[in-house]
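> This one is query15.cif, mmCIF, C-alpha atoms.
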data_data
#
loop_
_atom_site.label_atom_id
_atom_site.label_comp_id
_atom_site.auth_asym_id
_atom_site.auth_seq_id
_atom_site.Cartn_x
_atom_site.Cartn_y
_atom_site.Cartn_z
CA MET A 1 0.00 0.00 0.00
CA GLN A 2 1.18 3.52 -0.74
CA LEU A 3 0.12 6.27 1.65
CA PHE A 4 0.29 9.97 0.84
CA ILE A 5 0.60 12.18 3.93
CA ARG A 6 0.36 15.94 4.28
CA HIS A 7 0.83 17.36 7.78
CA THR A 8 0.86 21.08 8.64
CA THR A 9 1.48 22.58 12.08
CA HIS A 10 0.83 26.32 12.37
CA TYR A 11 1.69 28.50 15.35
CA ARG A 12 0.42 32.07 15.64
CA PHE A 13 1.80 34.36 18.39
CA ASP A 14 0.14 37.49 19.68
CA GLN A 15 3.55 39.15 20.09
CA PRO A 16 6.72 38.92 17.97
CA VAL A 17 9.03 36.08 18.98
CA ALA A 18 12.32 37.22 20.53
CA HIS A 19 13.83 33.74 20.62
CA GLY A 20 12.41 30.30 19.92
CA LEU A 21 13.59 26.74 19.36
CA GLN A 22 11.64 23.76 18.09
CA GLN A 23 12.69 20.12 18.21
CA LEU A 24 10.96 18.31 15.35
CA ARG A 25 10.54 14.56 14.98
CA LEU A 26 8.59 14.60 11.74
CA LYS A 27 10.72 12.57 9.34
CA PRO A 28 9.90 8.86 9.03
CA ARG A 29 12.63 6.48 8.02
CA SER A 30 12.56 3.28 6.01
CA GLY A 31 12.44 0.08 8.03
CA PRO A 32 10.35 -3.02 8.68
CA GLY A 33 6.92 -2.54 7.15
CA GLN A 34 7.59 0.83 5.51
CA SER A 35 9.73 2.38 2.80
CA VAL A 36 9.99 6.15 2.40
CA ILE A 37 9.57 6.95 -1.29
CA ASP A 38 9.51 10.72 -0.86
CA TRP A 39 9.35 13.08 2.12
CA ASN A 40 9.82 16.84 2.34
CA MET A 41 9.63 19.24 5.25
CA THR A 42 9.41 23.02 4.76
CA LEU A 43 9.44 25.76 7.39
CA GLY A 44 7.92 29.21 7.42
CA GLY A 45 9.04 31.73 10.03
CA ALA A 46 11.83 29.42 11.19
CA GLN A 47 15.07 27.95 9.88
CA VAL A 48 16.89 24.65 10.35
CA GLU A 49 19.89 24.82 12.68
CA VAL A 50 20.95 21.18 12.77
CA GLU A 51 19.66 17.69 11.94
CA TYR A 52 20.67 14.59 13.87
CA GLU A 53 19.61 11.20 15.25
CA ASP A 54 18.47 11.40 18.84
CA GLN A 55 19.07 8.78 21.53
CA ASN A 56 16.27 6.62 20.14
CA GLY A 57 17.46 6.80 16.55
CA ASN A 58 14.72 9.25 15.53
CA ARG A 59 15.46 11.64 12.68
CA THR A 60 15.38 14.96 14.51
CA THR A 61 15.53 18.59 13.36
CA LEU A 62 16.37 21.55 15.59
CA ALA A 63 14.86 24.74 14.15
CA SER A 64 15.04 28.32 15.39
CA ALA A 65 12.36 30.96 15.05
CA MET A 66 13.23 33.97 12.97
CA PRO A 67 13.43 36.98 15.34
CA GLY A 68 10.29 39.08 15.24
CA THR A 69 8.10 36.49 13.53
CA THR A 70 4.50 36.12 14.65
CA GLU A 71 3.83 32.86 12.79
CA ILE A 72 5.65 29.55 12.33
CA THR A 73 4.46 26.92 9.87
CA ILE A 74 5.85 23.40 9.56
CA THR A 75 4.66 21.47 6.53
CA CYS A 76 5.52 17.84 5.84
CA ALA A 77 4.41 15.90 2.79
CA GLY A 78 5.45 12.58 1.35
CA LEU A 79 4.74 9.13 0.04
CA ILE A 80 5.34 5.96 2.07
CA GLU A 81 5.01 2.39 0.85
CA THR A 82 3.81 0.07 3.60
CA THR A 83 3.31 -3.65 4.16
CA ASP A 84 1.53 -5.59 6.88
CA CYS A 85 4.04 -7.12 9.31
CA SER A 86 1.41 -7.94 11.96
CA GLY A 87 2.91 -5.24 14.16
CA VAL A 88 6.38 -6.82 14.27
CA VAL A 89 9.10 -4.17 14.01
CA GLY A 90 12.01 -6.47 14.83
CA ALA A 91 15.38 -6.08 16.51
CA HIS A 92 16.17 -3.27 18.91
CA GLY A 93 18.17 -0.32 17.56
CA GLY A 94 19.17 3.19 18.53
CA PHE A 95 21.57 4.33 21.22
CA MET A 96 19.41 3.43 24.22
CA PRO A 97 20.07 0.00 25.77
CA LEU A 98 17.05 -2.30 25.86
CA TRP A 99 17.00 -2.56 29.66
CA LEU A 100 16.21 1.18 29.95
CA PHE A 101 12.78 0.51 28.47
CA ARG A 102 11.88 -1.44 31.61
CA ASN A 103 12.27 1.76 33.67
CA GLN A 104 9.19 3.85 34.39
CA THR A 105 8.88 7.56 33.59
CA ALA A 106 6.71 10.26 35.11
CA LEU A 107 4.05 9.60 32.46
CA THR A 108 4.01 5.80 32.90
CA GLU A 109 4.60 5.52 36.66
CA PRO A 110 2.08 2.98 38.00
CA GLY A 111 -0.24 3.45 40.94
CA PRO A 112 -2.53 0.93 42.64
CA ARG A 113 -4.91 0.55 39.68
CA MET A 114 -2.16 -0.20 37.19
CA ARG A 115 -0.49 -2.59 39.64
CA ALA A 116 -3.74 -4.49 40.10
CA LEU A 117 -4.27 -4.72 36.34
CA ALA A 118 -0.74 -6.06 35.80
CA ALA A 119 -0.97 -8.49 38.71
CA ASN A 120 -4.05 -10.16 37.24
CA LEU A 121 -2.26 -10.75 33.95
CA ARG A 122 0.91 -12.03 35.58
CA ALA A 123 -1.01 -14.80 37.29
CA GLU A 124 -3.14 -15.81 34.31
CA MET A 125 -0.95 -15.57 31.19
CA PRO A 126 2.32 -17.50 31.04
CA ASP A 127 2.86 -16.74 27.32
CA ARG A 128 4.32 -13.24 26.91
CA LEU A 129 2.72 -12.40 23.56
CA ASP A 130 -0.70 -13.59 24.72
CA MET A 131 -0.22 -11.59 27.90
CA LEU A 132 0.41 -8.41 25.92
CA HIS A 133 -2.68 -8.92 23.76
CA HIS A 134 -4.77 -9.40 26.90
CA LEU A 135 -3.16 -6.33 28.44
CA SER A 136 -4.19 -4.27 25.40
CA ASP A 137 -7.77 -5.54 25.69
CA ALA A 138 -7.84 -4.85 29.43
CA VAL A 139 -6.63 -1.26 29.02
CA LEU A 140 -9.22 -0.51 26.35
CA ALA A 141 -11.98 -2.04 28.48
CA ALA A 142 -10.97 0.12 31.46
CA VAL A 143 -10.42 3.40 29.59
CA ARG A 144 -12.90 4.37 26.90
CA TYR A 145 -11.67 6.54 24.05
CA GLU A 146 -12.92 10.06 24.67
CA ILE A 147 -11.24 13.33 23.79
CA GLY A 148 -11.18 16.48 25.90
CA HIS A 149 -10.40 15.00 29.32
CA THR A 150 -6.61 14.53 29.25
CA THR A 151 -3.54 16.38 27.96
CA ALA A 152 -0.03 15.47 26.87
CA ALA A 153 1.02 15.79 30.52
CA THR A 154 -1.60 13.44 32.03
CA PRO A 155 0.05 10.49 33.84
CA ALA A 156 -1.11 6.96 33.00
CA GLU A 157 -2.47 6.20 36.48
CA GLN A 158 -4.60 9.35 36.42
CA ALA A 159 -6.08 8.46 33.03
CA LEU A 160 -6.84 4.92 34.22
CA ALA A 161 -8.55 6.29 37.33
CA ALA A 162 -10.64 8.69 35.22
CA GLY A 163 -11.75 5.89 32.91
CA HIS A 164 -11.44 7.90 29.70
CA GLY A 165 -8.64 9.19 27.51
CA VAL A 166 -7.09 9.10 24.05
CA CYS A 167 -4.48 7.03 22.22
CA GLN A 168 -1.65 8.62 24.17
CA ASP A 169 -3.22 7.62 27.49
CA HIS A 170 -3.91 4.07 26.29
CA ALA A 171 -0.29 3.72 25.22
CA HIS A 172 1.11 5.06 28.50
CA ILE A 173 -1.04 2.73 30.61
CA PHE A 174 -0.03 -0.24 28.44
CA ILE A 175 3.65 0.73 28.65
CA GLY A 176 3.59 1.20 32.42
CA CYS A 177 1.86 -2.14 32.99
CA ALA A 178 4.17 -3.99 30.59
CA ARG A 179 7.18 -2.63 32.48
CA LEU A 180 5.63 -3.83 35.74
CA LEU A 181 5.58 -7.28 34.14
CA GLY A 182 9.29 -7.00 33.33
CA ILE A 183 8.73 -6.37 29.62
CA PRO A 184 10.57 -3.54 27.83
CA ALA A 185 8.01 -1.16 26.33
CA ARG A 186 8.07 2.15 24.49
CA TYR A 187 5.88 4.78 22.84
CA ALA A 188 5.54 5.11 19.05
CA SER A 189 4.24 8.17 17.23
CA GLY A 190 3.24 8.42 13.60
CA TYR A 191 0.29 8.29 11.26
CA LEU A 192 -2.73 6.07 10.69
CA MET A 193 -4.86 5.97 7.57
CA MET A 194 -8.46 5.86 8.77
CA ASN A 195 -11.01 3.94 6.75
CA ASP A 196 -13.76 6.54 7.06
CA ARG A 197 -11.90 9.82 6.50
CA ILE A 198 -8.84 11.48 4.96
CA ASP A 199 -8.62 14.65 7.05
CA GLN A 200 -7.64 14.23 10.70
CA GLU A 201 -7.07 16.50 13.67
CA ALA A 202 -3.77 15.00 14.85
CA GLY A 203 -1.26 12.22 14.37
CA HIS A 204 -1.51 8.88 16.14
CA GLY A 205 0.30 7.13 18.98
CA TRP A 206 0.58 3.53 20.11
CA ALA A 207 2.78 1.25 22.19
CA GLU A 208 5.49 -1.27 21.36
CA ALA A 209 6.71 -4.10 23.58
CA HIS A 210 9.81 -6.25 23.18
CA VAL A 211 9.11 -9.96 22.83
CA ASP A 212 11.86 -12.59 22.78
CA GLY A 213 12.23 -14.09 19.32
CA LEU A 214 10.26 -11.29 17.63
CA GLY A 215 11.81 -8.06 18.85
CA TRP A 216 9.60 -4.99 19.07
CA VAL A 217 5.88 -5.59 18.46
CA GLY A 218 3.30 -2.81 18.15
CA PHE A 219 -0.03 -2.64 20.02
CA ASP A 220 -2.57 0.02 19.11
CA VAL A 221 -4.73 -0.18 22.21
CA SER A 222 -7.22 2.45 21.02
CA ASN A 223 -8.13 0.42 17.95
CA GLY A 224 -7.62 -3.01 19.49
CA ILE A 225 -5.15 -4.22 16.85
CA CYS A 226 -1.47 -4.55 16.04
CA PRO A 227 -0.37 -1.93 13.49
CA ASP A 228 -0.79 -3.01 9.87
CA GLN A 229 -0.15 -1.45 6.46
CA ARG A 230 -2.27 1.60 7.36
CA TYR A 231 0.34 2.79 9.87
CA VAL A 232 3.51 4.85 9.41
CA ARG A 233 6.00 4.95 12.27
CA VAL A 234 7.88 8.23 12.71
CA ALA A 235 9.45 8.25 16.18
CA THR A 236 9.78 6.14 19.34
CA GLY A 237 10.81 6.80 22.92
CA ARG A 238 10.30 5.89 26.55
CA ASP A 239 7.05 7.89 26.54
CA TYR A 240 5.29 10.55 24.48
CA ARG A 241 7.80 13.24 25.41
CA ASP A 242 10.62 11.30 23.73
CA ALA A 243 8.58 10.82 20.54
CA ALA A 244 6.59 14.07 20.36
CA PRO A 245 6.37 15.43 16.80
CA VAL A 246 7.04 19.01 17.95
CA THR A 247 8.61 20.24 21.18
CA ALA A 248 8.84 24.03 21.34
CA ILE A 249 10.42 26.66 23.56
CA SER A 250 9.80 30.36 22.85
CA TYR A 251 10.51 33.65 24.61
CA GLY A 252 8.86 37.02 24.14
CA ALA A 253 6.02 35.54 22.09
CA GLY A 254 3.13 36.09 24.49
CA GLU A 255 0.18 33.76 24.00
CA SER A 256 0.18 31.32 21.12
CA MET A 257 -2.48 29.56 19.07
CA LEU A 258 -1.87 26.17 17.48
CA LYS A 259 -3.62 24.77 14.42
CA VAL A 260 -2.91 21.33 12.96
CA SER A 261 -4.13 19.91 9.68
CA LEU A 262 -3.41 16.35 8.60
CA ALA A 263 -4.46 14.27 5.63
CA VAL A 264 -3.58 10.58 5.19
CA GLU A 265 -4.86 8.75 2.13
CA GLN A 266 -4.05 5.74 0.02
CA GLN A 267 -2.26 6.56 -3.22
CA LEU A 268 -3.29 4.42 -6.16
CA CYS A 269 -0.21 2.89 -7.80
CA GLN A 270 0.41 3.71 -11.43
CA GLN A 271 0.37 0.68 -13.72
#
Show me this structure written as structure tokens.

Amino acid sequence: MQLFIRHTTHYRFDQPVAHGLQQLRLKPRSGPGQSVIDWNMTLGGAQVEVEYEDQNGNRTTLASAMPGTTEITITCAGLIETTDCSGVVGAHGGFMPLWLFRNQTALTEPGPRMRALAANLRAEMPDRLDMLHHLSDAVLAAVRYEIGHTTAATPAEQALAAGHGVCQDHAHIFIGCARLLGIPARYASGYLMMNDRIDQEAGHGWAEAHVDGLGWVGFDVSNGICPDQRYVRVATGRDYRDAAPVTAISYGAGESMLKVSLAVEQQLCQQ
């Protein structure tokens, strides 16, 4: 399958920016299940300072705001060829050792509810892959998908206690519980082609767990499946903060307004 993606992030500031930096993880790379045919990123109101691979092997761009600008626009567009690998990403890579993905972060730190959920699975499921599938089902059953109640800073335990959240919350709960079970787990950010629409309000996030003999395996808790050919992986990390598409710091800009537009659609191959 070939997927065409166009993703625009637009910031508008009510005062001119004196100084601003943005860390961008918006460039997918070829790997298991996906091949980047074409990908371009253009900036308005900002300029590229340096490009590098971060600690997780993500293609990362550091951009600075042009002094005095009141708007910054980041536009990405490209074509990705994908195949269905049943969620299997394969061997661990990057600069972070595998054992670090067993360590909790502030966003995945478990409380009593997450510990109880993990304890039930530990007793019932001796097979690790089966355990992870049941964990995904259990998280979705406990936390219904509902926007408007959580933010990027909401911890997993808080979202579980509230009983509602979005893909980011599902992934963090899954990751925290998997780590409680001794399984390395991480966050993945990217894109998902939806069957009922082209235009979307934001990118997508899911979890990956490391399984002996398979390597990293993806679990999209929100949709109850392992990622297939409709998914494009862009970045991974210990939690959302490590894989966030845009992380920004600005000074002298006053209040800001963010607008995101995203379109993901299947591209018909030319014969």
> Evaluate the PyMOL selection byres ((chain A and resi 9) around 9) on the structure here and hand back the selected residues as a ChimeraX atom specification.
/A:7-8,10-11,72-76,246,258-262
> From the options A:Arg122, A:His172, A:Arg186, A:Arg230, which residue's atoms come nearest to Ser86 of chain A, counting all atoms listed in the file?
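The answer is A:Arg230, which sits nearest to Ser86 of chain A.
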> Excluding His170 of chain A and any residue of its chain fewer than 5 positions from it, enumerate the residues within 8 Å of it, using only C-alpha atoms, and give them as a PyMOL selection string.
chain A and resi 139-140+143+156+165+206+221-222
> Using the selection just defined, write its residues with C-alpha atoms as a short mmCIF file (atom, residue, chain, number, x, y, z; two decimals), in the frame of the given file.

data_model
loop_
_atom_site.label_atom_id
_atom_site.label_comp_id
_atom_site.auth_asym_id
_atom_site.auth_seq_id
_atom_site.Cartn_x
_atom_site.Cartn_y
_atom_site.Cartn_z
CA VAL A 139 -6.63 -1.26 29.02
CA LEU A 140 -9.22 -0.51 26.35
CA VAL A 143 -10.42 3.40 29.59
CA ALA A 156 -1.11 6.96 33.00
CA GLY A 165 -8.64 9.19 27.51
CA TRP A 206 0.58 3.53 20.11
CA VAL A 221 -4.73 -0.18 22.21
CA SER A 222 -7.22 2.45 21.02
#
> Please report the interatomic distance between atom CA of Phe13 of chain A and atom CA of Gly68 of chain A in Å with one decimal.
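We find that atom CA of Phe13 of chain A and atom CA of Gly68 of chain A lie 10.2 Å from each other.
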> Taking only C-alpha atoms into account, name the residue in A:Ser35, A:Met96, A:Gln168, A:Thr42 that is nearest to Asp54 of chain A.
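Among A:Ser35, A:Met96, A:Gln168, A:Thr42, it is A:Met96 that comes nearest to Asp54 of chain A.
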> Using only C-alpha atoms for the distances, tell me which of A:Asn120, A:Asp130, A:Ile5, A:Ala65 is nearest to Gln23 of chain A.
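Answer, going by the shortest atom-to-atom distance: A:Ala65.
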> Draw an axis-aligned box over all listed atoms of segment 157-162 of chain A, pad each side with 3 Å, and write its centre and edge lengths in Å, one decimal, as lines of an AutoDock Vina configuration file.

center_x = -6.6
center_y = 7.1
center_z = 35.2
size_x = 14.2
size_y = 10.4
size_z = 10.3
> Atom CA of Ala77 of chain A to atom CA of Asn40 of chain A: how many Å, to one decimal?
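Atom CA of Ala77 of chain A sits 5.5 Å away from atom CA of Asn40 of chain A.
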> Applied to the shown file, which residues does the PyMOL selection byres ((chain A and resi 180) around 12) return, written as a PDB file with C-alpha atoms, in the coordinates of the input?

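And here's part28.pdb as it stands now:
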ATOM      1  CA  PHE A 101      12.780   0.510  28.470  1.00  0.00           C
ATOM      2  CA  ARG A 102      11.880  -1.440  31.610  1.00  0.00           C
ATOM      3  CA  ASN A 103      12.270   1.760  33.670  1.00  0.00           C
ATOM      4  CA  GLN A 104       9.190   3.850  34.390  1.00  0.00           C
ATOM      5  CA  THR A 108       4.010   5.800  32.900  1.00  0.00           C
ATOM      6  CA  GLU A 109       4.600   5.520  36.660  1.00  0.00           C
ATOM      7  CA  PRO A 110       2.080   2.980  38.000  1.00  0.00           C
ATOM      8  CA  GLY A 111      -0.240   3.450  40.940  1.00  0.00           C
ATOM      9  CA  PRO A 112      -2.530   0.930  42.640  1.00  0.00           C
ATOM     10  CA  MET A 114      -2.160  -0.200  37.190  1.00  0.00           C
ATOM     11  CA  ARG A 115      -0.490  -2.590  39.640  1.00  0.00           C
ATOM     12  CA  ALA A 116      -3.740  -4.490  40.100  1.00  0.00           C
ATOM     13  CA  LEU A 117      -4.270  -4.720  36.340  1.00  0.00           C
ATOM     14  CA  ALA A 118      -0.740  -6.060  35.800  1.00  0.00           C
ATOM     15  CA  ALA A 119      -0.970  -8.490  38.710  1.00  0.00           C
ATOM     16  CA  ASN A 120      -4.050 -10.160  37.240  1.00  0.00           C
ATOM     17  CA  LEU A 121      -2.260 -10.750  33.950  1.00  0.00           C
ATOM     18  CA  ARG A 122       0.910 -12.030  35.580  1.00  0.00           C
ATOM     19  CA  LEU A 135      -3.160  -6.330  28.440  1.00  0.00           C
ATOM     20  CA  ILE A 173      -1.040   2.730  30.610  1.00  0.00           C
ATOM     21  CA  PHE A 174      -0.030  -0.240  28.440  1.00  0.00           C
ATOM     22  CA  ILE A 175       3.650   0.730  28.650  1.00  0.00           C
ATOM     23  CA  GLY A 176       3.590   1.200  32.420  1.00  0.00           C
ATOM     24  CA  CYS A 177       1.860  -2.140  32.990  1.00  0.00           C
ATOM     25  CA  ALA A 178       4.170  -3.990  30.590  1.00  0.00           C
ATOM     26  CA  ARG A 179       7.180  -2.630  32.480  1.00  0.00           C
ATOM     27  CA  LEU A 181       5.580  -7.280  34.140  1.00  0.00           C
ATOM     28  CA  GLY A 182       9.290  -7.000  33.330  1.00  0.00           C
ATOM     29  CA  ILE A 183       8.730  -6.370  29.620  1.00  0.00           C
ATOM     30  CA  PRO A 184      10.570  -3.540  27.830  1.00  0.00           C
ATOM     31  CA  ALA A 185       8.010  -1.160  26.330  1.00  0.00           C
TER      32      ALA A 185
END
> So, with all atoms listed in the file as the atoms that count, which of A:Ser189, A:Ser30, A:Thr83, A:Gln22 lies closest to Gln229 of chain A?
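Of all the options, A:Thr83 lies closest to Gln229 of chain A.
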> Do you know which residues are at most 10 Å from Val36 of chain A counting all atoms listed in the file, after dropping those on the same chain fewer than 2 positions away, and could you put them as a list in words?
Gln2, Leu3, Lys27, Pro28, Arg29, Ser30, Gly31, Gln34, Asp38, Trp39, Gly78, Leu79, Ile80, Glu81, Thr82 and Val232 of chain A
> Find the distance between atom CA of Arg144 of chain A and atom CA of Ala161 of chain A and write it in Å to one decimal.
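If I compute the distance from atom CA of Arg144 of chain A to atom CA of Ala161 of chain A, I get 11.5 Å.
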> What lies within 10 Å of Met194 of chain A using only C-alpha atoms, ignoring chain neighbours under 4 positions off, as a PDB file with C-alpha atoms, in the coordinates of the input?

ATOM      1  CA  ILE A 198      -8.840  11.480   4.960  1.00  0.00           C
ATOM      2  CA  ASP A 199      -8.620  14.650   7.050  1.00  0.00           C
ATOM      3  CA  GLN A 200      -7.640  14.230  10.700  1.00  0.00           C
ATOM      4  CA  ARG A 230      -2.270   1.600   7.360  1.00  0.00           C
ATOM      5  CA  TYR A 231       0.340   2.790   9.870  1.00  0.00           C
ATOM      6  CA  ALA A 263      -4.460  14.270   5.630  1.00  0.00           C
ATOM      7  CA  VAL A 264      -3.580  10.580   5.190  1.00  0.00           C
ATOM      8  CA  GLU A 265      -4.860   8.750   2.130  1.00  0.00           C
ATOM      9  CA  GLN A 266      -4.050   5.740   0.020  1.00  0.00           C
TER      10      GLN A 266
END
> Between A:Pro227, A:Gly163, A:Pro32, A:Gly20, which residue has the minimum interatomic distance to Leu192 of chain A, considering only C-alpha atoms?
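Looking at the shortest contact to Leu192 of chain A, the residue is A:Pro227.
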> For the point (19.3, 26.2, 17.0) in file coordinates, what residues are within 7 Å, counting only C-alpha atoms? Give the answer as an mmCIF file with C-alpha atoms, keeping the file's coordinate frame?

data_model
loop_
_atom_site.group_PDB
_atom_site.id
_atom_site.type_symbol
_atom_site.label_atom_id
_atom_site.label_comp_id
_atom_site.auth_asym_id
_atom_site.auth_seq_id
_atom_site.Cartn_x
_atom_site.Cartn_y
_atom_site.Cartn_z
ATOM 1 C CA LEU A 21 13.590 26.740 19.360
ATOM 2 C CA GLU A 49 19.890 24.820 12.680
ATOM 3 C CA VAL A 50 20.950 21.180 12.770
ATOM 4 C CA LEU A 62 16.370 21.550 15.590
ATOM 5 C CA ALA A 63 14.860 24.740 14.150
ATOM 6 C CA SER A 64 15.040 28.320 15.390
#
> Between A:Met1, A:Leu43, A:Leu129, A:Leu26, which has the minimum distance to Cys226 of chain A (counting all atoms listed in the file)?
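Between A:Met1, A:Leu43, A:Leu129, A:Leu26, the residue approaching Cys226 of chain A most closely is A:Leu129.
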> Determine, counting all atoms listed in the file, which protein, DNA and RNA residues have an atom within 9 Å of an atom of Val89 of chain A; residues of the same chain fewer than 6 positions away are not included. Present the result as a list in words.
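The contact residues come out as Gly31, Pro32, Gly33, Glu208, Leu214, Gly215, Trp216, Val217 and Gly218 of chain A.
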> Using all atoms listed in the file, determine which residues lie at most 8 Å from Arg238 of chain A, disregarding the query and same-chain residues fewer than 2 positions distant; provide the list as a list of chain:residue names.
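Listed by chain and then number, they are A:Phe101, A:Thr105, A:Ala185, A:Arg186, A:Tyr187, A:Thr236, A:Tyr240, A:Arg241, A:Asp242, A:Ala243.
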